[in-house]
Amino acid sequence: MFNYLSKKLAKCLTRAKNSVLITPQLIDDIFKEIRIVFLNADIEVNLVDKFLNELKEKILIDTKDVKVNANSFIIKELKKALEATFLSNNAINLKKANFSCYLICGLQGSGKTTTCAKLANLLAKEDKKVLVGSVDVYRPEALTQLKLFIKEINNDKCVFFETETKEPLKIAKEIKDFAVKNGYDYLILDTAGRLHVDKKLMFELESICKLIDPLEIFYITDANIGQMALNIFEQFKEYVNVTGIIGTKMEGMAKGGSIFSIVYKHQVPIKFLTFGEKIEDIENFDKTKIVQKILSIESPLSVLKKAKLILSEKTDEKIERRILNNQYDLNDLLLQLLQIKKFNKISKFLSFMPQMQKITPEQKEIINKRIIIFTALINSMTLKERKDPKLLKNSFRKNRIIKGSGRNNQEFNLLLRQWEQYKTLQKHLKNRNLKGFKF
Ligand code: GDP
């Protein structure tokens, strides 16, 4: 989701990678490229300029005469600005007294009917009674489709409302009365797709809203619709008080910039994103996750998962057990270093670390060298010393090892420090906490 923005932005942001000073020229160059990416992603031009100019100004003020890692700084500021744009993480507003109604509106073909079913599926999973109905009298096939979807959910708590009535306002009233009378927790009401220029249909939508008084009015917008999406949304907003956006067809390289425009200009929160035709292809909107995705930032949890995967990929189960039992010794470290070296995992491992922007190829080289040094030192120890590093406090043993390995005092001390840290890291991994680790 937002793959287009993510892929293209990643390229612009590498520009500042090794720069330690943010100059107006550097910012201008980078922001020129970001501007093109935003425009190509279908964000409206005035909004692009407003967003980027404000951000640019702030970055220049904050970094005047200050040395910073340009790349990290720009990403951090972009992250803040995007998170502010996406408002709070607005979960669906679930409860209003005993009964809540959600009304779905938008252009024809935007994905309303499919989204109704997706929402119903989500709510039914919460063990709630959900009634799904439609006032779309103009497209009998949409009704049939929705009915089939609800059947597919195969949950007797989720019911499709059927009626012979043909007049939208009457149907709306019938459905609501039925839902209230029969103790439904939620009503999801699909409306006919309409063109924003069709005044009669827009008035009809307005009247239905007044009659139903929904807890939420979700506006469905297709991620591929382009620049005109903003204008269409504004026309809808004249008639109904939209409380949330659902962005559909977000999978693949969908641009989705139009959703950004709507949210940025009108401050309506995104509630869900959908990413496929199947009923499960819907996600609660999570701004932190989405911004991390747009900026190609690894979330702490995914960093952790990957680091865990790499560390445990070839790690002997015995070592895992020894870590858990506080028995991790220098022999275990040696085995792991050999594995990292053998499978060339060091760069990969480090690239998942939170400080990844700061690790340069030169630093990676240093770490590779360290593996060679540590291996030489550990190889010069007896098995007993590797098992019980406390013995290494003895200066006779220490000197023997240094001499035997051809290394020096500093390197020896570094090894012991890193062994302690490495032990701690792996415990942190077990406790899902990578904070503060430095190789
Ligand atoms: P409506 O006219 O607004 O009710 O739109 P529909 O729900 O009938 O959807 C129109 C088309 O878009 C259908 O072919 C759906 O399967 C498809 N569709 C809906 N949501 C998504 C989505 O998230 N991804 C993809 N790829 N297709 C979707």
# chains A, B, ... in the order shown; residues from 1 in each chain; ligands from 1
>>> residues_around(residues="Phe236 in chain A", least_positions_apart="2", cutoff="12 Å", atoms="only C-alpha atoms", output="VMD selection string")
chain A and resid 104 to 107 193 to 199 201 to 206 217 to 221 229 to 234 238 to 243 262
>>> residues_near_ligand(ligand="ligand 1", cutoff="6 Å", atoms="only C-alpha atoms and all ligand atoms", output="list in words")
Leu107, Gln108, Gly109, Ser110, Gly111, Lys112, Thr113, Thr114, Gly193, Thr248, Lys249, Thr274, Phe275, Gly276 and Glu277 of chain A
>>> write_last_selection(atoms="N, CA and C atoms", output="PDB file, in the first residue's frame")
ATOM      1  N   LEU A 107     -18.412   7.351  -5.463  1.00  0.00           N
ATOM      2  CA  LEU A 107     -18.687   7.176  -6.888  1.00  0.00           C
ATOM      3  C   LEU A 107     -18.993   5.732  -7.206  1.00  0.00           C
ATOM      4  N   GLN A 108     -19.718   5.526  -8.264  1.00  0.00           N
ATOM      5  CA  GLN A 108     -19.958   4.167  -8.730  1.00  0.00           C
ATOM      6  C   GLN A 108     -18.631   3.523  -9.147  1.00  0.00           C
ATOM      7  N   GLY A 109     -18.431   2.301  -8.755  1.00  0.00           N
ATOM      8  CA  GLY A 109     -17.221   1.576  -9.151  1.00  0.00           C
ATOM      9  C   GLY A 109     -16.056   1.805  -8.214  1.00  0.00           C
ATOM     10  N   SER A 110     -16.259   2.639  -7.189  1.00  0.00           N
ATOM     11  CA  SER A 110     -15.135   2.927  -6.281  1.00  0.00           C
ATOM     12  C   SER A 110     -14.855   1.768  -5.322  1.00  0.00           C
ATOM     13  N   GLY A 111     -15.839   0.887  -5.198  1.00  0.00           N
ATOM     14  CA  GLY A 111     -15.623  -0.271  -4.312  1.00  0.00           C
ATOM     15  C   GLY A 111     -16.540  -0.261  -3.102  1.00  0.00           C
ATOM     16  N   LYS A 112     -17.649   0.480  -3.187  1.00  0.00           N
ATOM     17  CA  LYS A 112     -18.550   0.599  -2.027  1.00  0.00           C
ATOM     18  C   LYS A 112     -19.122  -0.740  -1.585  1.00  0.00           C
ATOM     19  N   THR A 113     -19.711  -1.445  -2.552  1.00  0.00           N
ATOM     20  CA  THR A 113     -20.413  -2.685  -2.205  1.00  0.00           C
ATOM     21  C   THR A 113     -19.450  -3.689  -1.589  1.00  0.00           C
ATOM     22  N   THR A 114     -18.289  -3.820  -2.227  1.00  0.00           N
ATOM     23  CA  THR A 114     -17.287  -4.766  -1.717  1.00  0.00           C
ATOM     24  C   THR A 114     -16.852  -4.344  -0.312  1.00  0.00           C
ATOM     25  N   GLY A 193     -24.040   4.112  -6.177  1.00  0.00           N
ATOM     26  CA  GLY A 193     -22.934   4.940  -6.652  1.00  0.00           C
ATOM     27  C   GLY A 193     -23.540   6.069  -7.456  1.00  0.00           C
ATOM     28  N   THR A 248      -9.716   2.596  -1.396  1.00  0.00           N
ATOM     29  CA  THR A 248      -9.788   1.236  -1.954  1.00  0.00           C
ATOM     30  C   THR A 248      -8.743   1.040  -3.053  1.00  0.00           C
ATOM     31  N   LYS A 249      -8.522  -0.214  -3.383  1.00  0.00           N
ATOM     32  CA  LYS A 249      -7.617  -0.631  -4.472  1.00  0.00           C
ATOM     33  C   LYS A 249      -6.197  -0.103  -4.228  1.00  0.00           C
ATOM     34  N   THR A 274      -8.312  -0.710   1.629  1.00  0.00           N
ATOM     35  CA  THR A 274      -8.567  -2.057   1.101  1.00  0.00           C
ATOM     36  C   THR A 274      -7.565  -2.341  -0.012  1.00  0.00           C
ATOM     37  N   PHE A 275      -7.261  -3.603  -0.175  1.00  0.00           N
ATOM     38  CA  PHE A 275      -6.149  -3.925  -1.078  1.00  0.00           C
ATOM     39  C   PHE A 275      -6.404  -5.199  -1.875  1.00  0.00           C
ATOM     40  N   GLY A 276      -7.646  -5.422  -2.283  1.00  0.00           N
ATOM     41  CA  GLY A 276      -7.935  -6.600  -3.096  1.00  0.00           C
ATOM     42  C   GLY A 276      -9.429  -6.845  -3.133  1.00  0.00           C
ATOM     43  N   GLU A 277      -9.784  -7.838  -3.932  1.00  0.00           N
ATOM     44  CA  GLU A 277     -11.211  -8.071  -4.131  1.00  0.00           C
ATOM     45  C   GLU A 277     -11.805  -9.027  -3.108  1.00  0.00           C
TER      46      GLU A 277
END
>>> residues_around(residues="Ala223 in chain A", least_positions_apart="6", cutoff="10 Å", atoms="only C-alpha atoms", output="mmCIF file with N, CA and C atoms, in the first residue's frame")
data_model
loop_
_atom_site.group_PDB
_atom_site.id
_atom_site.type_symbol
_atom_site.label_atom_id
_atom_site.label_comp_id
_atom_site.auth_asym_id
_atom_site.auth_seq_id
_atom_site.Cartn_x
_atom_site.Cartn_y
_atom_site.Cartn_z
ATOM 1 N N MET A 1 0.824 -1.196 0.000
ATOM 2 C CA MET A 1 0.000 0.000 0.000
ATOM 3 C C MET A 1 0.866 1.257 0.000
ATOM 4 N N PHE A 2 0.463 2.238 -0.745
ATOM 5 C CA PHE A 2 1.278 3.431 -0.980
ATOM 6 C C PHE A 2 2.657 3.026 -1.517
ATOM 7 N N ALA A 41 2.300 11.183 -7.986
ATOM 8 C CA ALA A 41 1.424 10.298 -7.198
ATOM 9 C C ALA A 41 0.009 10.849 -7.134
ATOM 10 N N ASP A 42 -0.238 11.938 -7.872
ATOM 11 C CA ASP A 42 -1.577 12.540 -7.974
ATOM 12 C C ASP A 42 -1.993 13.404 -6.797
ATOM 13 N N SER A 110 -16.259 2.639 -7.189
ATOM 14 C CA SER A 110 -15.135 2.927 -6.281
ATOM 15 C C SER A 110 -14.855 1.768 -5.322
ATOM 16 N N ALA A 229 -10.123 13.258 -7.889
ATOM 17 C CA ALA A 229 -10.726 12.699 -6.666
ATOM 18 C C ALA A 229 -11.043 13.783 -5.634
ATOM 19 N N ILE A 246 -12.404 5.786 3.272
ATOM 20 C CA ILE A 246 -11.881 4.429 3.059
ATOM 21 C C ILE A 246 -11.233 4.420 1.676
ATOM 22 N N GLY A 247 -9.947 4.213 1.641
ATOM 23 C CA GLY A 247 -9.215 4.179 0.369
ATOM 24 C C GLY A 247 -9.243 2.750 -0.153
ATOM 25 N N THR A 248 -9.716 2.596 -1.396
ATOM 26 C CA THR A 248 -9.788 1.236 -1.954
ATOM 27 C C THR A 248 -8.743 1.040 -3.053
ATOM 28 N N LYS A 249 -8.522 -0.214 -3.383
ATOM 29 C CA LYS A 249 -7.617 -0.631 -4.472
ATOM 30 C C LYS A 249 -6.197 -0.103 -4.228
ATOM 31 N N MET A 250 -5.771 -0.217 -3.008
ATOM 32 C CA MET A 250 -4.477 0.327 -2.591
ATOM 33 C C MET A 250 -3.314 -0.617 -2.904
ATOM 34 N N GLU A 251 -3.614 -1.799 -3.394
ATOM 35 C CA GLU A 251 -2.537 -2.764 -3.618
ATOM 36 C C GLU A 251 -1.664 -2.385 -4.825
ATOM 37 N N MET A 253 0.961 -0.951 -7.334
ATOM 38 C CA MET A 253 1.591 0.367 -7.461
ATOM 39 C C MET A 253 0.548 1.484 -7.506
ATOM 40 N N ALA A 254 -0.616 1.250 -6.888
ATOM 41 C CA ALA A 254 -1.650 2.289 -6.835
ATOM 42 C C ALA A 254 -1.035 3.557 -6.264
ATOM 43 N N LYS A 255 -1.369 4.701 -6.844
ATOM 44 C CA LYS A 255 -0.691 5.938 -6.431
ATOM 45 C C LYS A 255 -1.214 6.489 -5.111
ATOM 46 N N GLY A 256 -2.515 6.554 -4.982
ATOM 47 C CA GLY A 256 -3.106 6.915 -3.681
ATOM 48 C C GLY A 256 -2.901 8.353 -3.255
ATOM 49 N N GLY A 257 -2.242 9.170 -4.102
ATOM 50 C CA GLY A 257 -1.984 10.554 -3.706
ATOM 51 C C GLY A 257 -3.252 11.357 -3.529
ATOM 52 N N SER A 258 -4.313 10.950 -4.243
ATOM 53 C CA SER A 258 -5.567 11.692 -4.135
ATOM 54 C C SER A 258 -6.116 11.583 -2.717
ATOM 55 N N ILE A 259 -5.869 10.452 -2.077
ATOM 56 C CA ILE A 259 -6.350 10.275 -0.698
ATOM 57 C C ILE A 259 -5.594 11.246 0.208
ATOM 58 N N PHE A 260 -4.302 11.370 -0.068
ATOM 59 C CA PHE A 260 -3.489 12.329 0.693
ATOM 60 C C PHE A 260 -4.086 13.735 0.548
ATOM 61 N N LEU A 273 -8.152 0.926 4.730
ATOM 62 C CA LEU A 273 -7.632 0.819 3.366
ATOM 63 C C LEU A 273 -7.953 -0.592 2.887
ATOM 64 N N THR A 274 -8.312 -0.710 1.629
ATOM 65 C CA THR A 274 -8.567 -2.057 1.101
ATOM 66 C C THR A 274 -7.565 -2.341 -0.012
ATOM 67 N N PHE A 275 -7.261 -3.603 -0.175
ATOM 68 C CA PHE A 275 -6.149 -3.925 -1.078
ATOM 69 C C PHE A 275 -6.404 -5.199 -1.875
#
>>> residues_around(residues="Gln292 in chain A", least_positions_apart="3", cutoff="10 Å", atoms="only C-alpha atoms", output="mmCIF file with N, CA and C atoms, in the first residue's frame")
data_model
loop_
_atom_site.group_PDB
_atom_site.id
_atom_site.type_symbol
_atom_site.label_atom_id
_atom_site.label_comp_id
_atom_site.auth_asym_id
_atom_site.auth_seq_id
_atom_site.Cartn_x
_atom_site.Cartn_y
_atom_site.Cartn_z
ATOM 1 N N SER A 6 6.284 5.113 -1.777
ATOM 2 C CA SER A 6 7.377 4.515 -1.038
ATOM 3 C C SER A 6 8.593 4.262 -1.942
ATOM 4 N N ILE A 75 14.250 12.606 6.869
ATOM 5 C CA ILE A 75 13.268 11.516 7.022
ATOM 6 C C ILE A 75 12.447 11.729 8.297
ATOM 7 N N LYS A 79 8.517 12.348 8.334
ATOM 8 C CA LYS A 79 7.695 11.400 9.099
ATOM 9 C C LYS A 79 6.712 12.176 9.985
ATOM 10 N N LEU A 82 4.059 13.884 7.817
ATOM 11 C CA LEU A 82 3.072 12.952 7.268
ATOM 12 C C LEU A 82 2.148 12.438 8.365
ATOM 13 N N GLU A 83 2.730 12.160 9.520
ATOM 14 C CA GLU A 83 1.888 11.661 10.617
ATOM 15 C C GLU A 83 0.873 12.720 11.042
ATOM 16 N N LYS A 287 -1.686 4.929 10.996
ATOM 17 C CA LYS A 287 -0.846 5.971 10.369
ATOM 18 C C LYS A 287 0.646 5.710 10.589
ATOM 19 N N THR A 288 1.002 5.183 11.749
ATOM 20 C CA THR A 288 2.422 4.943 12.016
ATOM 21 C C THR A 288 2.962 3.939 11.003
ATOM 22 N N LYS A 289 2.206 2.887 10.831
ATOM 23 C CA LYS A 289 2.639 1.833 9.906
ATOM 24 C C LYS A 289 2.715 2.360 8.467
ATOM 25 N N LEU A 295 7.955 5.933 3.909
ATOM 26 C CA LEU A 295 9.341 6.400 4.005
ATOM 27 C C LEU A 295 10.343 5.245 4.068
ATOM 28 N N SER A 296 9.852 4.055 3.805
ATOM 29 C CA SER A 296 10.700 2.840 3.833
ATOM 30 C C SER A 296 11.454 2.718 5.152
ATOM 31 N N ILE A 297 10.759 3.057 6.248
ATOM 32 C CA ILE A 297 11.397 2.894 7.551
ATOM 33 C C ILE A 297 10.929 1.558 8.109
ATOM 34 N N GLU A 298 11.864 0.794 8.577
ATOM 35 C CA GLU A 298 11.482 -0.486 9.182
ATOM 36 C C GLU A 298 10.874 -0.211 10.547
ATOM 37 N N SER A 299 9.736 -0.814 10.840
ATOM 38 C CA SER A 299 9.154 -0.629 12.177
ATOM 39 C C SER A 299 9.997 -1.417 13.169
#
>>> select_by_dssp(residues="range 94-162 of chain A", states="alpha helix (DSSP H)", output="ChimeraX atom specification")
/A:112-125,140-153
>>> atom_distance(atom1="CA of Lys32 in chain A", atom2="CA of Glu77 in chain A")
16.2 Å
>>> select_by_dssp(residues="range 114-208 of chain A", states="strand (DSSP E)", output="MDAnalysis selection string")
chainID A and resid 130:134 158:160 186:190
>>> residues_around(residues="Leu187 in chain A", least_positions_apart="6", cutoff="7 Å", atoms="only C-alpha atoms", output="PyMOL selection string")
chain A and resi 100-102+130-132+179
>>> residues_around(residues="Tyr328 in chain A", least_positions_apart="3", cutoff="12 Å", atoms="only C-alpha atoms", output="PyMOL selection string")
chain A and resi 318-325+331-336+386-389+419-427
>>> residues_around(residues="Leu9 in chain A", least_positions_apart="2", cutoff="8 Å", atoms="only C-alpha atoms", output="list in words")
Leu5, Ser6, Lys7, Lys11, Cys12, Leu13, Ile34, Val37, Ile294 and Leu295 of chain A
>>> closest_residue(among="A:Asp28, A:Asp185, A:Asp213, A:Asp136", to="Leu103 in chain A", atoms="only C-alpha atoms")
A:Asp213
>>> closest_residue(among="A:Ile270, A:Leu377, A:Val45, A:Val137", to="Arg397 in chain A", atoms="only C-alpha atoms")
A:Leu377
>>> decode(residues="range 206-296 of chain A", atoms="C-alpha atoms", output="short mmCIF file (atom, residue, chain, number, x, y, z; two decimals), in the first residue's frame")
data_model
loop_
_atom_site.label_atom_id
_atom_site.label_comp_id
_atom_site.auth_asym_id
_atom_site.auth_seq_id
_atom_site.Cartn_x
_atom_site.Cartn_y
_atom_site.Cartn_z
CA GLU A 206 -28.52 13.90 1.80
CA SER A 207 -32.09 12.92 2.70
CA ILE A 208 -31.09 9.34 3.49
CA CYS A 209 -28.38 10.61 5.81
CA LYS A 210 -30.82 12.89 7.62
CA LEU A 211 -33.27 10.06 8.02
CA ILE A 212 -30.79 7.43 9.17
CA ASP A 213 -28.55 9.71 11.24
CA PRO A 214 -25.52 7.44 10.86
CA LEU A 215 -22.76 7.33 13.44
CA GLU A 216 -20.23 7.45 10.61
CA ILE A 217 -20.42 8.39 6.97
CA PHE A 218 -17.63 6.70 5.07
CA TYR A 219 -16.58 8.12 1.75
CA ILE A 220 -15.05 5.48 -0.50
CA THR A 221 -12.33 6.63 -2.84
CA ASP A 222 -10.46 4.56 -5.38
CA ALA A 223 -6.66 5.00 -5.08
CA ASN A 224 -6.30 5.03 -8.86
CA ILE A 225 -8.74 7.80 -9.59
CA GLY A 226 -6.19 10.61 -9.90
CA GLN A 227 -6.33 14.35 -9.36
CA MET A 228 -10.08 14.70 -9.86
CA ALA A 229 -10.73 12.70 -6.67
CA LEU A 230 -10.36 15.81 -4.53
CA ASN A 231 -12.95 17.76 -6.46
CA ILE A 232 -15.40 14.85 -6.41
CA PHE A 233 -14.97 14.47 -2.65
CA GLU A 234 -15.65 18.18 -2.19
CA GLN A 235 -18.93 17.87 -4.06
CA PHE A 236 -20.01 14.97 -1.85
CA LYS A 237 -19.01 16.91 1.24
CA GLU A 238 -21.45 19.65 0.31
CA TYR A 239 -24.28 17.23 0.83
CA VAL A 240 -23.11 14.90 3.57
CA ASN A 241 -20.87 15.28 6.57
CA VAL A 242 -18.23 12.67 5.76
CA THR A 243 -16.60 11.36 8.95
CA GLY A 244 -14.05 9.01 7.45
CA ILE A 245 -12.30 7.97 4.28
CA ILE A 246 -11.88 4.43 3.06
CA GLY A 247 -9.21 4.18 0.37
CA THR A 248 -9.79 1.24 -1.95
CA LYS A 249 -7.62 -0.63 -4.47
CA MET A 250 -4.48 0.33 -2.59
CA GLU A 251 -2.54 -2.76 -3.62
CA GLY A 252 0.30 -2.91 -6.13
CA MET A 253 1.59 0.37 -7.46
CA ALA A 254 -1.65 2.29 -6.84
CA LYS A 255 -0.69 5.94 -6.43
CA GLY A 256 -3.11 6.92 -3.68
CA GLY A 257 -1.98 10.55 -3.71
CA SER A 258 -5.57 11.69 -4.13
CA ILE A 259 -6.35 10.27 -0.70
CA PHE A 260 -3.49 12.33 0.69
CA SER A 261 -4.99 15.45 -0.94
CA ILE A 262 -8.40 14.85 0.60
CA VAL A 263 -7.03 14.18 4.05
CA TYR A 264 -4.52 17.05 4.00
CA LYS A 265 -6.96 19.65 2.75
CA HIS A 266 -10.10 18.60 4.63
CA GLN A 267 -8.68 16.88 7.68
CA VAL A 268 -10.97 13.91 7.40
CA PRO A 269 -9.36 10.82 8.86
CA ILE A 270 -8.69 7.67 6.88
CA LYS A 271 -10.45 4.78 8.59
CA PHE A 272 -9.62 1.78 6.43
CA LEU A 273 -7.63 0.82 3.37
CA THR A 274 -8.57 -2.06 1.10
CA PHE A 275 -6.15 -3.93 -1.08
CA GLY A 276 -7.94 -6.60 -3.10
CA GLU A 277 -11.21 -8.07 -4.13
CA LYS A 278 -11.46 -10.66 -1.40
CA ILE A 279 -13.49 -10.06 1.70
CA GLU A 280 -10.44 -10.15 3.98
CA ASP A 281 -8.55 -7.54 1.94
CA ILE A 282 -9.12 -4.66 4.33
CA GLU A 283 -7.02 -3.13 7.08
CA ASN A 284 -7.67 -0.64 9.83
CA PHE A 285 -5.75 2.49 8.97
CA ASP A 286 -2.61 2.68 11.05
CA LYS A 287 -0.85 5.97 10.37
CA THR A 288 2.42 4.94 12.02
CA LYS A 289 2.64 1.83 9.91
CA ILE A 290 1.68 3.63 6.71
CA VAL A 291 4.15 6.47 7.22
CA GLN A 292 6.90 3.98 7.97
CA LYS A 293 5.97 2.23 4.77
CA ILE A 294 5.91 5.43 2.70
CA LEU A 295 9.34 6.40 4.00
CA SER A 296 10.70 2.84 3.83
#
